[in-house]
Each structure stands twice: as structure tokens, then as C-alpha cells.
$ cat entry21.cif   # mmCIF, C-alpha atoms and all ligand atoms; chains and numbers go by the auth columns
data_target
#
loop_
_atom_site.group_PDB
_atom_site.id
_atom_site.type_symbol
_atom_site.label_atom_id
_atom_site.label_comp_id
_atom_site.label_asym_id
_atom_site.label_seq_id
_atom_site.Cartn_x
_atom_site.Cartn_y
_atom_site.Cartn_z
_atom_site.B_iso_or_equiv
_atom_site.auth_seq_id
_atom_site.auth_asym_id
ATOM 1 C CA MET A 1 213.317 208.317 234.671 0.00 80 A
ATOM 2 C CA PRO A 2 214.235 211.882 233.649 0.00 81 A
ATOM 3 C CA THR A 3 217.877 212.267 232.718 0.00 82 A
ATOM 4 C CA PHE A 4 218.638 214.752 235.521 0.00 83 A
ATOM 5 C CA ALA A 5 217.246 212.392 238.166 0.00 84 A
ATOM 6 C CA LEU A 6 219.300 209.512 236.817 0.00 85 A
ATOM 7 C CA THR A 7 222.397 211.713 236.730 0.00 86 A
ATOM 8 C CA LEU A 8 221.815 212.751 240.326 0.00 87 A
ATOM 9 C CA ALA A 9 221.285 209.188 241.479 0.00 88 A
ATOM 10 C CA LEU A 10 224.452 208.065 239.726 0.00 89 A
ATOM 11 C CA ALA A 11 226.423 211.004 241.135 0.00 90 A
ATOM 12 C CA LEU A 12 225.335 209.996 244.642 0.00 91 A
ATOM 13 C CA VAL A 13 226.477 206.437 244.108 0.00 92 A
ATOM 14 C CA VAL A 14 229.796 207.635 242.692 0.00 93 A
ATOM 15 C CA SER A 15 230.435 210.030 245.567 0.00 94 A
ATOM 16 C CA ALA A 16 229.541 207.407 248.156 0.00 95 A
ATOM 17 C CA SER A 17 232.079 204.912 246.966 0.00 96 A
ATOM 18 C CA GLY A 18 234.551 206.558 244.656 0.00 97 A
ATOM 19 C CA GLN A 19 233.503 203.976 242.093 0.00 98 A
ATOM 20 C CA GLY A 20 231.650 204.941 238.982 0.00 99 A
ATOM 21 C CA LEU A 21 228.240 203.567 238.132 0.00 100 A
ATOM 22 C CA VAL A 22 227.461 204.090 234.472 0.00 101 A
ATOM 23 C CA GLU A 23 224.336 203.534 232.471 0.00 102 A
ATOM 24 C CA GLY A 24 224.527 200.459 230.325 0.00 103 A
ATOM 25 C CA PRO A 25 223.097 199.709 226.915 0.00 104 A
ATOM 26 C CA VAL A 26 219.646 198.788 228.235 0.00 105 A
ATOM 27 C CA ALA A 27 217.422 201.074 230.311 0.00 106 A
ATOM 28 C CA GLY A 28 217.526 200.059 233.957 0.00 107 A
ATOM 29 C CA ARG A 29 220.822 198.258 233.510 0.00 108 A
ATOM 30 C CA TYR A 30 223.944 199.729 235.024 0.00 109 A
ATOM 31 C CA ALA A 31 227.591 198.776 235.205 0.00 110 A
ATOM 32 C CA LEU A 32 230.255 199.686 237.748 0.00 111 A
ATOM 33 C CA ASP A 33 233.511 201.149 236.398 0.00 112 A
ATOM 34 C CA PRO A 34 233.803 199.360 233.105 0.00 113 A
ATOM 35 C CA ALA A 35 237.259 197.874 232.690 0.00 114 A
ATOM 36 C CA PRO A 36 238.401 197.768 229.067 0.00 115 A
ATOM 37 C CA ASN A 37 237.112 194.260 228.494 0.00 116 A
ATOM 38 C CA TYR A 38 234.253 193.855 230.955 0.00 117 A
ATOM 39 C CA SER A 39 232.278 195.552 233.724 0.00 118 A
ATOM 40 C CA GLU A 40 233.022 195.088 237.400 0.00 119 A
ATOM 41 C CA ALA A 41 229.323 194.489 237.927 0.00 120 A
ATOM 42 C CA VAL A 42 226.189 194.715 235.842 0.00 121 A
ATOM 43 C CA VAL A 43 222.755 195.299 237.321 0.00 122 A
ATOM 44 C CA ALA A 44 219.765 193.992 235.405 0.00 123 A
ATOM 45 C CA GLY A 45 216.440 194.377 237.152 0.00 124 A
ATOM 46 C CA ASN A 46 217.135 193.643 240.818 0.00 125 A
ATOM 47 C CA LEU A 47 219.964 191.228 240.034 0.00 126 A
ATOM 48 C CA ALA A 48 223.648 192.148 240.246 0.00 127 A
ATOM 49 C CA PHE A 49 226.105 190.096 238.236 0.00 128 A
ATOM 50 C CA LEU A 50 229.621 190.497 239.637 0.00 129 A
ATOM 51 C CA SER A 51 232.640 189.742 237.510 0.00 130 A
ATOM 52 C CA GLY A 52 235.171 187.268 238.811 0.00 131 A
ATOM 53 C CA THR A 53 237.682 188.879 241.123 0.00 132 A
ATOM 54 C CA GLY A 54 240.716 187.619 243.015 0.00 133 A
ATOM 55 C CA GLY A 55 243.443 188.661 245.417 0.00 134 A
ATOM 56 C CA ASP A 56 247.211 188.809 245.201 0.00 135 A
ATOM 57 C CA ALA A 57 248.001 187.027 248.471 0.00 136 A
ATOM 58 C CA GLU A 58 250.528 184.259 249.040 0.00 137 A
ATOM 59 C CA THR A 59 248.160 182.001 250.981 0.00 138 A
ATOM 60 C CA ILE A 60 244.762 180.691 249.957 0.00 139 A
ATOM 61 C CA GLU A 61 243.188 181.926 253.216 0.00 140 A
ATOM 62 C CA GLU A 62 244.384 185.497 252.625 0.00 141 A
ATOM 63 C CA ALA A 63 243.475 185.355 248.931 0.00 142 A
ATOM 64 C CA VAL A 64 239.918 184.181 249.676 0.00 143 A
ATOM 65 C CA MET A 65 239.568 186.904 252.331 0.00 144 A
ATOM 66 C CA GLN A 66 240.735 189.633 249.929 0.00 145 A
ATOM 67 C CA THR A 67 238.437 188.315 247.221 0.00 146 A
ATOM 68 C CA MET A 68 235.352 188.130 249.428 0.00 147 A
ATOM 69 C CA MET A 69 236.055 191.620 250.842 0.00 148 A
ATOM 70 C CA SER A 70 236.325 192.944 247.313 0.00 149 A
ATOM 71 C CA LEU A 71 233.043 191.321 246.241 0.00 150 A
ATOM 72 C CA ASN A 72 231.379 192.596 249.410 0.00 151 A
ATOM 73 C CA ASP A 73 232.705 196.120 248.754 0.00 152 A
ATOM 74 C CA THR A 74 231.272 196.049 245.248 0.00 153 A
ATOM 75 C CA LEU A 75 227.922 194.833 246.577 0.00 154 A
ATOM 76 C CA ALA A 76 227.995 197.526 249.283 0.00 155 A
ATOM 77 C CA THR A 77 228.076 200.209 246.579 0.00 156 A
ATOM 78 C CA LEU A 78 224.859 198.614 245.304 0.00 157 A
ATOM 79 C CA GLY A 79 223.184 198.609 248.729 0.00 158 A
ATOM 80 C CA ALA A 80 223.824 194.923 249.311 0.00 159 A
ATOM 81 C CA SER A 81 226.401 192.523 250.722 0.00 160 A
ATOM 82 C CA VAL A 82 227.571 188.988 250.044 0.00 161 A
ATOM 83 C CA ASP A 83 224.622 187.871 252.189 0.00 162 A
ATOM 84 C CA ASN A 84 222.449 188.825 249.208 0.00 163 A
ATOM 85 C CA ALA A 85 224.332 186.498 246.874 0.00 164 A
ATOM 86 C CA VAL A 86 222.251 183.635 245.503 0.00 165 A
ATOM 87 C CA SER A 87 224.969 182.057 243.384 0.00 166 A
ATOM 88 C CA ALA A 88 228.763 181.935 243.499 0.00 167 A
ATOM 89 C CA ARG A 89 231.458 180.290 241.426 0.00 168 A
ATOM 90 C CA VAL A 90 234.836 179.632 243.003 0.00 169 A
ATOM 91 C CA PHE A 91 237.760 178.997 240.687 0.00 170 A
ATOM 92 C CA LEU A 92 240.867 177.612 242.376 0.00 171 A
ATOM 93 C CA SER A 93 244.249 177.471 240.668 0.00 172 A
ATOM 94 C CA ASN A 94 244.735 174.249 242.609 0.00 173 A
ATOM 95 C CA ILE A 95 241.758 172.204 243.817 0.00 174 A
ATOM 96 C CA SER A 96 243.899 170.978 246.704 0.00 175 A
ATOM 97 C CA ASN A 97 243.171 174.418 248.246 0.00 176 A
ATOM 98 C CA TRP A 98 239.440 173.613 248.365 0.00 177 A
ATOM 99 C CA ALA A 99 239.415 172.527 252.039 0.00 178 A
ATOM 100 C CA ALA A 100 241.358 175.592 253.205 0.00 179 A
ATOM 101 C CA MET A 101 239.163 177.912 251.125 0.00 180 A
ATOM 102 C CA ASN A 102 235.873 176.746 252.697 0.00 181 A
ATOM 103 C CA PRO A 103 236.074 178.115 256.260 0.00 182 A
ATOM 104 C CA VAL A 104 237.234 181.564 255.113 0.00 183 A
ATOM 105 C CA TYR A 105 234.577 181.673 252.393 0.00 184 A
ATOM 106 C CA ARG A 106 231.871 180.478 254.798 0.00 185 A
ATOM 107 C CA SER A 107 232.773 183.047 257.464 0.00 186 A
ATOM 108 C CA PHE A 108 231.485 185.854 255.225 0.00 187 A
ATOM 109 C CA PHE A 109 227.865 184.651 255.330 0.00 188 A
ATOM 110 C CA THR A 110 225.670 185.300 258.329 0.00 189 A
ATOM 111 C CA GLY A 111 222.636 183.548 256.871 0.00 190 A
ATOM 112 C CA SER A 112 222.197 180.853 254.268 0.00 191 A
ATOM 113 C CA ARG A 113 225.015 180.462 251.794 0.00 192 A
ATOM 114 C CA PRO A 114 224.571 180.908 248.051 0.00 193 A
ATOM 115 C CA ALA A 115 224.407 178.000 245.658 0.00 194 A
ATOM 116 C CA ARG A 116 228.002 177.331 244.631 0.00 195 A
ATOM 117 C CA THR A 117 230.252 175.649 242.149 0.00 196 A
ATOM 118 C CA ALA A 118 233.957 175.234 242.936 0.00 197 A
ATOM 119 C CA ILE A 119 236.392 173.990 240.346 0.00 198 A
ATOM 120 C CA GLN A 120 240.069 174.078 239.474 0.00 199 A
ATOM 121 C CA ALA A 121 240.967 176.388 236.611 0.00 200 A
ATOM 122 C CA GLU A 122 243.943 178.162 235.150 0.00 201 A
ATOM 123 C CA LEU A 123 243.536 181.773 236.298 0.00 202 A
ATOM 124 C CA VAL A 124 244.507 184.890 234.372 0.00 203 A
ATOM 125 C CA GLY A 125 247.164 186.756 236.363 0.00 204 A
ATOM 126 C CA GLY A 126 248.385 183.751 238.293 0.00 205 A
ATOM 127 C CA GLY A 127 246.260 184.181 241.447 0.00 206 A
ATOM 128 C CA LEU A 128 245.161 181.377 243.771 0.00 207 A
ATOM 129 C CA VAL A 129 241.430 182.046 243.558 0.00 208 A
ATOM 130 C CA GLU A 130 238.804 183.886 241.545 0.00 209 A
ATOM 131 C CA ILE A 131 235.163 184.199 242.629 0.00 210 A
ATOM 132 C CA ASP A 132 232.130 185.618 240.831 0.00 211 A
ATOM 133 C CA MET A 133 228.609 186.082 242.176 0.00 212 A
ATOM 134 C CA ILE A 134 225.004 186.810 241.341 0.00 213 A
ATOM 135 C CA ALA A 135 223.126 188.734 244.035 0.00 214 A
ATOM 136 C CA VAL A 136 219.561 189.922 244.540 0.00 215 A
ATOM 137 C CA LEU A 137 219.651 193.633 245.445 0.00 216 A
ATOM 138 C CA PRO A 138 217.303 194.264 248.382 0.00 217 A
ATOM 139 C CA ASN A 139 216.596 197.832 247.203 0.00 218 A
ATOM 140 C CA GLY A 140 216.679 197.128 243.482 0.00 219 A
ATOM 141 C CA ALA A 141 218.981 198.900 241.043 0.00 220 A
ATOM 142 C CA PRO A 142 220.581 202.100 242.380 0.00 221 A
ATOM 143 C CA GLY A 143 218.956 205.063 240.680 0.00 222 A
ATOM 144 C CA ALA A 144 215.907 203.070 239.611 0.00 223 A
ATOM 145 C CA ALA A 145 212.582 204.885 240.136 0.00 224 A
ATOM 146 C CA SER A 146 211.466 202.244 242.633 0.00 225 A
ATOM 147 C CA ALA A 147 212.715 198.908 243.823 0.00 226 A
HETATM 148 C C1 LIG B . 241.858 193.688 227.471 0.00 301 B
HETATM 149 O O1 LIG B . 242.050 192.807 226.379 0.00 301 B
HETATM 150 C C2 LIG B . 243.234 193.058 225.629 0.00 301 B
HETATM 151 C C3 LIG B . 243.246 192.121 224.437 0.00 301 B
HETATM 152 O O2 LIG B . 243.261 190.789 224.878 0.00 301 B
HETATM 153 C C4 LIG B . 244.453 192.867 226.511 0.00 301 B
HETATM 154 O O3 LIG B . 245.621 193.121 225.798 0.00 301 B
HETATM 155 C C5 LIG B . 244.350 193.803 227.705 0.00 301 B
HETATM 156 O O4 LIG B . 245.434 193.572 228.598 0.00 301 B
HETATM 157 C C6 LIG B . 243.052 193.613 228.428 0.00 301 B
HETATM 158 N N1 LIG B . 242.923 194.633 229.447 0.00 301 B
HETATM 159 C C7 LIG B . 242.891 194.328 230.746 0.00 301 B
HETATM 160 C C8 LIG B . 242.814 195.499 231.679 0.00 301 B
HETATM 161 O O5 LIG B . 242.892 193.193 231.176 0.00 301 B
HETATM 162 C C1 LIG B . 229.922 193.789 253.766 0.00 302 B
HETATM 163 O O1 LIG B . 229.236 194.931 253.326 0.00 302 B
HETATM 164 C C2 LIG B . 228.271 195.414 254.233 0.00 302 B
HETATM 165 C C3 LIG B . 227.601 196.617 253.606 0.00 302 B
HETATM 166 O O2 LIG B . 226.804 196.239 252.545 0.00 302 B
HETATM 167 C C4 LIG B . 228.928 195.804 255.545 0.00 302 B
HETATM 168 O O3 LIG B . 227.932 196.201 256.470 0.00 302 B
HETATM 169 C C5 LIG B . 229.691 194.619 256.087 0.00 302 B
HETATM 170 O O4 LIG B . 230.423 195.021 257.231 0.00 302 B
HETATM 171 C C6 LIG B . 230.657 194.082 255.057 0.00 302 B
HETATM 172 N N1 LIG B . 231.286 192.869 255.531 0.00 302 B
HETATM 173 C C7 LIG B . 232.603 192.782 255.681 0.00 302 B
HETATM 174 C C8 LIG B . 233.113 191.476 256.187 0.00 302 B
HETATM 175 O O5 LIG B . 233.349 193.707 255.413 0.00 302 B
HETATM 176 C C1 LIG B . 248.332 171.283 243.539 0.00 303 B
HETATM 177 O O1 LIG B . 249.009 171.209 244.765 0.00 303 B
HETATM 178 C C2 LIG B . 249.522 169.911 245.015 0.00 303 B
HETATM 179 C C3 LIG B . 250.033 169.892 246.451 0.00 303 B
HETATM 180 O O2 LIG B . 250.854 171.013 246.684 0.00 303 B
HETATM 181 C C4 LIG B . 250.582 169.606 243.981 0.00 303 B
HETATM 182 O O3 LIG B . 251.090 168.311 244.181 0.00 303 B
HETATM 183 C C5 LIG B . 249.953 169.668 242.591 0.00 303 B
HETATM 184 O O4 LIG B . 250.954 169.517 241.609 0.00 303 B
HETATM 185 C C6 LIG B . 249.285 171.012 242.385 0.00 303 B
HETATM 186 N N1 LIG B . 248.532 170.999 241.118 0.00 303 B
HETATM 187 C C7 LIG B . 248.542 172.021 240.284 0.00 303 B
HETATM 188 C C8 LIG B . 247.657 171.896 239.077 0.00 303 B
HETATM 189 O O5 LIG B . 249.246 172.985 240.452 0.00 303 B
#
$ encode --input "entry21.cif" --output "C-alpha cells"
Amino acid sequence: MPTFALTLALALVVSASGQGLVEGPVAGRYALDPAPNYSEAVVAGNLAFLSGTGGDAETIEEAVMQTMMSLNDTLATLGASVDNAVSARVFLSNISNWAAMNPVYRSFFTGSRPARTAIQAELVGGGLVEIDMIAVLPNGAPGAASA
């Protein structure tokens, strides 16, 4: 794709969401707002790999809701939603929150739910939950010549 067309496509994505989509090291691969140590999301082909994200709520229900909203927001900037997720990993600071996490998590999917792993883990930042996802983008990578 010519540079100007790519720049335009990226500018449109940025203006739509306020989040930056930057070109990654490989053609056709893009990353949202790179944090110092990782990218919020990386698109490779028509797959979006979302970094683990969490919430800062006091209850597991609220934390799962915040986390799923955040993942959905990221996917929305890529023309998708959590319904396009094919795989999810749920990390709980305490596995005893597993039962309370499920209904909130499940409520975000209108169709079939992604394959999932849920485990207990020590989380950076002391949150109750962290979730990452892999999603298939229905329209392919934003800015790509064709899906
Ligand atoms: C990135 O990694 C460095 C080194 O571990 C750490 O000090 C820093 O806090 C990290 N940045 C963020 C935003 O997490
Ligand atoms: C998830 O994102 C989609 C846009 O991709 C939006 O239509 C939908 O309302 C969002 N879901 C929630 C629960 O915010
Ligand atoms: C998980 O929560 C249970 C019940 O509140 C508690 O007994 C247990 O010590 C907690 N485990 C961890 C690893 O925090």
C-alpha cells in the first residue's frame, strides 16, 4: 500500500477512537498505542492479539466488567467486538473468584463463547483479574488494502 494511503487509514483509525494505531515491524502488522514494554494489541493478518488487561475494582464482578469493556473497546477500534474472540485467557488473583467471574464474563457474548483457559496467577498491579484475547477481525486489518 502506498505510504500516503496507509497514513490516511491510520489517521482515520486514530481520530475515530483517540487511540493510536502504529505500523509494526512487519508489513500488514499494526499495534495500538505501544506501551513502553508491550503493545495494547497487535494485528497480524486478520488476527488481533490483545494484551492482558484488568480493572481496578473492589469486587470481582466489577473488575470483570471493566476488563471486558476495555477489551471490547480495543476490539471496537479494530472493527470488531468480543464476539469475534476465538480464544481468551482469564487470570484470577484468587481462583475462588472463578464462579463469580463466569456470569459477568459470559454476559458479554451474544453468540458462541471463545475457547478459554482460566487459572489463578499473581497479577502485576494487584488487580483481581486479567484477561487477554485473540480475535478474528471480520474486516481484516484496519488500513489493509483489502480484507
Ligand atoms: C516497563 O518495564 C520497566 C522495567 O521493568 C518498568 O520499570 C516499567 O515500570 C515498565 N513500564 C510500565 C508502563 O509498566
Ligand atoms: C462492544 O463493541 C461493539 C462495537 O464493536 C459495540 O457495538 C458493543 O455495544 C460493545 N459492547 C459493549 C457491552 O459495550
Ligand atoms: C482466596 O480466597 C479465599 C477465600 O476468601 C481465601 O481463603 C484464600 O486464602 C485466598 N487465596 C489467595 C491465594 O489469596
$ residues_near_ligand --input "entry21.cif" --ligand "ligand LIG 302 (chain B)" --cutoff "10 Å" --atoms "only C-alpha atoms and all ligand atoms" --output "PyMOL selection string"
chain A and resi 144+147-163+186-189
$ write_last_selection --input "entry21.cif" --atoms "C-alpha atoms" --output "PDB file, keeping the file's coordinate frame"
ATOM      1  CA  MET A 144     239.568 186.904 252.331  1.00  0.00           C
ATOM      2  CA  MET A 147     235.352 188.130 249.428  1.00  0.00           C
ATOM      3  CA  MET A 148     236.055 191.620 250.842  1.00  0.00           C
ATOM      4  CA  SER A 149     236.325 192.944 247.313  1.00  0.00           C
ATOM      5  CA  LEU A 150     233.043 191.321 246.241  1.00  0.00           C
ATOM      6  CA  ASN A 151     231.379 192.596 249.410  1.00  0.00           C
ATOM      7  CA  ASP A 152     232.705 196.120 248.754  1.00  0.00           C
ATOM      8  CA  THR A 153     231.272 196.049 245.248  1.00  0.00           C
ATOM      9  CA  LEU A 154     227.922 194.833 246.577  1.00  0.00           C
ATOM     10  CA  ALA A 155     227.995 197.526 249.283  1.00  0.00           C
ATOM     11  CA  THR A 156     228.076 200.209 246.579  1.00  0.00           C
ATOM     12  CA  LEU A 157     224.859 198.614 245.304  1.00  0.00           C
ATOM     13  CA  GLY A 158     223.184 198.609 248.729  1.00  0.00           C
ATOM     14  CA  ALA A 159     223.824 194.923 249.311  1.00  0.00           C
ATOM     15  CA  SER A 160     226.401 192.523 250.722  1.00  0.00           C
ATOM     16  CA  VAL A 161     227.571 188.988 250.044  1.00  0.00           C
ATOM     17  CA  ASP A 162     224.622 187.871 252.189  1.00  0.00           C
ATOM     18  CA  ASN A 163     222.449 188.825 249.208  1.00  0.00           C
ATOM     19  CA  SER A 186     232.773 183.047 257.464  1.00  0.00           C
ATOM     20  CA  PHE A 187     231.485 185.854 255.225  1.00  0.00           C
ATOM     21  CA  PHE A 188     227.865 184.651 255.330  1.00  0.00           C
ATOM     22  CA  THR A 189     225.670 185.300 258.329  1.00  0.00           C
TER      23      THR A 189
END
$ resolve_selection --input "entry21.cif" --expression "the PyMOL selection byres (((chain A and resi 208) around 8) and not hetatm)" --output "list in words"
Gly133, Gly134, Ile139, Ala142, Val143, Thr146, Val169, Phe170, Leu171, Ser172, Leu202, Gly206, Leu207, Glu209 and Ile210 of chain A
$ closest_residue --input "entry21.cif" --among "A:Ser130, A:Asn181, A:Arg192, A:Ser175" --to "ligand LIG 303 (chain B)" --atoms "all atoms listed in the file"
A:Ser175
$ closest_atom_pairs --input "entry21.cif" --of "chain A" --to "ligand LIG 303 (chain B)" --cutoff "9 Å" --atoms "all atoms listed in the file" --output "CSV"
residue,atom,partner,partner_atom,distance
A:Ser172,CA,B:LIG303,O5,6.7
A:Asn173,CA,B:LIG303,C1,4.8
A:Ile174,CA,B:LIG303,C1,6.6
A:Ser175,CA,B:LIG303,C1,5.5
A:Asn176,CA,B:LIG303,O1,7.5
A:Gln199,CA,B:LIG303,C8,7.9
A:Ala200,CA,B:LIG303,C8,8.4
A:Glu201,CA,B:LIG303,C8,8.3
$ atom_distance --input "entry21.cif" --atom1 "CA of Arg168 (chain A)" --atom2 "CA of Tyr117 (chain A)"
17.4 Å
$ atom_distance --input "entry21.cif" --atom1 "CA of Gly190 (chain A)" --atom2 "CA of Ser118 (chain A)"
27.8 Å
$ closest_residue --input "entry21.cif" --among "A:Gln145, A:Ser191, A:Ser166, A:Asn116" --to "Phe128 (chain A)" --atoms "all atoms listed in the file"
A:Ser166
$ axis_aligned_box --input "entry21.cif" --around "ligand LIG 301 (chain B)" --padding-each-side "4 Å" --output "lines of an AutoDock Vina configuration file"
center_x = 243.7
center_y = 193.1
center_z = 228.1
size_x = 11.8
size_y = 12.7
size_z = 15.2
$ resolve_selection --input "entry21.cif" --expression "the PyMOL selection byres (((chain A and resi 127) around 10) and not hetatm)" --output "JSON, numbers by chain"
{"A": [108, 109, 110, 120, 121, 122, 123, 124, 125, 126, 128, 129, 130, 153, 154, 157, 159, 163, 164, 212, 213, 214, 215, 216, 219, 220]}
$ atom_distance --input "entry21.cif" --atom1 "CA of Ala136 (chain A)" --atom2 "CA of Thr196 (chain A)"
22.0 Å
$ closest_residue --input "entry21.cif" --among "A:Gly204, A:Pro182, A:Pro193, A:Pro115" --to "ligand LIG 301 (chain B)" --atoms "all atoms listed in the file"
A:Pro115
$ closest_residue --input "entry21.cif" --among "A:Ala178, A:Glu119, A:Pro221, A:Ala167" --to "ligand LIG 301 (chain B)" --atoms "all atoms listed in the file"
A:Glu119
$ closest_residue --input "entry21.cif" --among "A:Met180, A:Val203, A:Gly131, A:Arg185" --to "ligand LIG 301 (chain B)" --atoms "only C-alpha atoms and all ligand atoms"
A:Val203
$ decode --input "entry21.cif" --residues "region 118-143 of chain A" --atoms "N, CA and C atoms" --output "mmCIF file, in the first residue's frame"
data_model
loop_
_atom_site.group_PDB
_atom_site.id
_atom_site.type_symbol
_atom_site.label_atom_id
_atom_site.label_comp_id
_atom_site.auth_asym_id
_atom_site.auth_seq_id
_atom_site.Cartn_x
_atom_site.Cartn_y
_atom_site.Cartn_z
ATOM 1 N N SER A 118 2.596 -3.889 23.337
ATOM 2 C CA SER A 118 1.545 -3.188 22.601
ATOM 3 C C SER A 118 0.201 -3.559 23.188
ATOM 4 N N GLU A 119 -0.731 -2.632 23.147
ATOM 5 C CA GLU A 119 -2.085 -2.925 23.618
ATOM 6 C C GLU A 119 -2.698 -4.042 22.782
ATOM 7 N N ALA A 120 -2.458 -3.978 21.482
ATOM 8 C CA ALA A 120 -2.938 -5.031 20.592
ATOM 9 C C ALA A 120 -2.042 -5.075 19.374
ATOM 10 N N VAL A 121 -1.867 -6.250 18.833
ATOM 11 C CA VAL A 121 -1.092 -6.402 17.604
ATOM 12 C C VAL A 121 -1.967 -7.145 16.602
ATOM 13 N N VAL A 122 -2.027 -6.603 15.393
ATOM 14 C CA VAL A 122 -2.790 -7.244 14.328
ATOM 15 C C VAL A 122 -1.807 -7.900 13.377
ATOM 16 N N ALA A 123 -2.015 -9.174 13.117
ATOM 17 C CA ALA A 123 -1.205 -9.906 12.155
ATOM 18 C C ALA A 123 -2.175 -10.650 11.252
ATOM 19 N N GLY A 124 -2.157 -10.307 9.968
ATOM 20 C CA GLY A 124 -3.175 -10.852 9.075
ATOM 21 C C GLY A 124 -4.537 -10.365 9.552
ATOM 22 N N ASN A 125 -5.493 -11.284 9.676
ATOM 23 C CA ASN A 125 -6.817 -10.854 10.169
ATOM 24 C C ASN A 125 -7.010 -11.228 11.639
ATOM 25 N N LEU A 126 -5.900 -11.504 12.315
ATOM 26 C CA LEU A 126 -5.983 -11.847 13.741
ATOM 27 C C LEU A 126 -5.527 -10.666 14.589
ATOM 28 N N ALA A 127 -6.242 -10.407 15.678
ATOM 29 C CA ALA A 127 -5.845 -9.390 16.641
ATOM 30 C C ALA A 127 -5.470 -10.086 17.946
ATOM 31 N N PHE A 128 -4.286 -9.797 18.404
ATOM 32 C CA PHE A 128 -3.794 -10.339 19.671
ATOM 33 C C PHE A 128 -3.845 -9.218 20.699
ATOM 34 N N LEU A 129 -4.712 -9.343 21.693
ATOM 35 C CA LEU A 129 -4.887 -8.306 22.698
ATOM 36 C C LEU A 129 -4.080 -8.644 23.948
ATOM 37 N N SER A 130 -3.338 -7.662 24.415
ATOM 38 C CA SER A 130 -2.589 -7.860 25.651
ATOM 39 C C SER A 130 -3.546 -8.019 26.828
ATOM 40 N N GLY A 131 -3.076 -8.667 27.850
ATOM 41 C CA GLY A 131 -3.855 -8.837 29.066
ATOM 42 C C GLY A 131 -4.186 -7.476 29.663
ATOM 43 N N THR A 132 -5.440 -7.327 30.066
ATOM 44 C CA THR A 132 -5.849 -6.076 30.692
ATOM 45 C C THR A 132 -6.722 -6.396 31.905
ATOM 46 N N GLY A 133 -6.822 -5.443 32.820
ATOM 47 C CA GLY A 133 -7.581 -5.692 34.042
ATOM 48 C C GLY A 133 -8.397 -4.471 34.423
ATOM 49 N N GLY A 134 -8.946 -4.478 35.601
ATOM 50 C CA GLY A 134 -9.688 -3.336 36.117
ATOM 51 C C GLY A 134 -9.155 -3.009 37.496
ATOM 52 N N ASP A 135 -9.655 -1.929 38.080
ATOM 53 C CA ASP A 135 -9.170 -1.572 39.417
ATOM 54 C C ASP A 135 -10.309 -1.598 40.441
ATOM 55 N N ALA A 136 -11.303 -2.464 40.180
ATOM 56 C CA ALA A 136 -12.482 -2.507 41.044
ATOM 57 C C ALA A 136 -12.249 -3.332 42.306
ATOM 58 N N GLU A 137 -13.128 -3.115 43.273
ATOM 59 C CA GLU A 137 -13.041 -3.818 44.556
ATOM 60 C C GLU A 137 -13.639 -5.221 44.475
ATOM 61 N N THR A 138 -14.649 -5.385 43.612
ATOM 62 C CA THR A 138 -15.309 -6.689 43.514
ATOM 63 C C THR A 138 -14.934 -7.368 42.209
ATOM 64 N N ILE A 139 -14.992 -8.690 42.210
ATOM 65 C CA ILE A 139 -14.644 -9.447 41.011
ATOM 66 C C ILE A 139 -15.635 -9.155 39.888
ATOM 67 N N GLU A 140 -16.921 -8.992 40.224
ATOM 68 C CA GLU A 140 -17.924 -8.722 39.184
ATOM 69 C C GLU A 140 -17.596 -7.414 38.451
ATOM 70 N N GLU A 141 -17.323 -6.371 39.225
ATOM 71 C CA GLU A 141 -17.000 -5.063 38.648
ATOM 72 C C GLU A 141 -15.676 -5.134 37.872
ATOM 73 N N ALA A 142 -14.711 -5.838 38.412
ATOM 74 C CA ALA A 142 -13.405 -5.941 37.751
ATOM 75 C C ALA A 142 -13.517 -6.666 36.410
ATOM 76 N N VAL A 143 -14.318 -7.732 36.367
ATOM 77 C CA VAL A 143 -14.503 -8.478 35.116
ATOM 78 C C VAL A 143 -15.232 -7.589 34.111
#
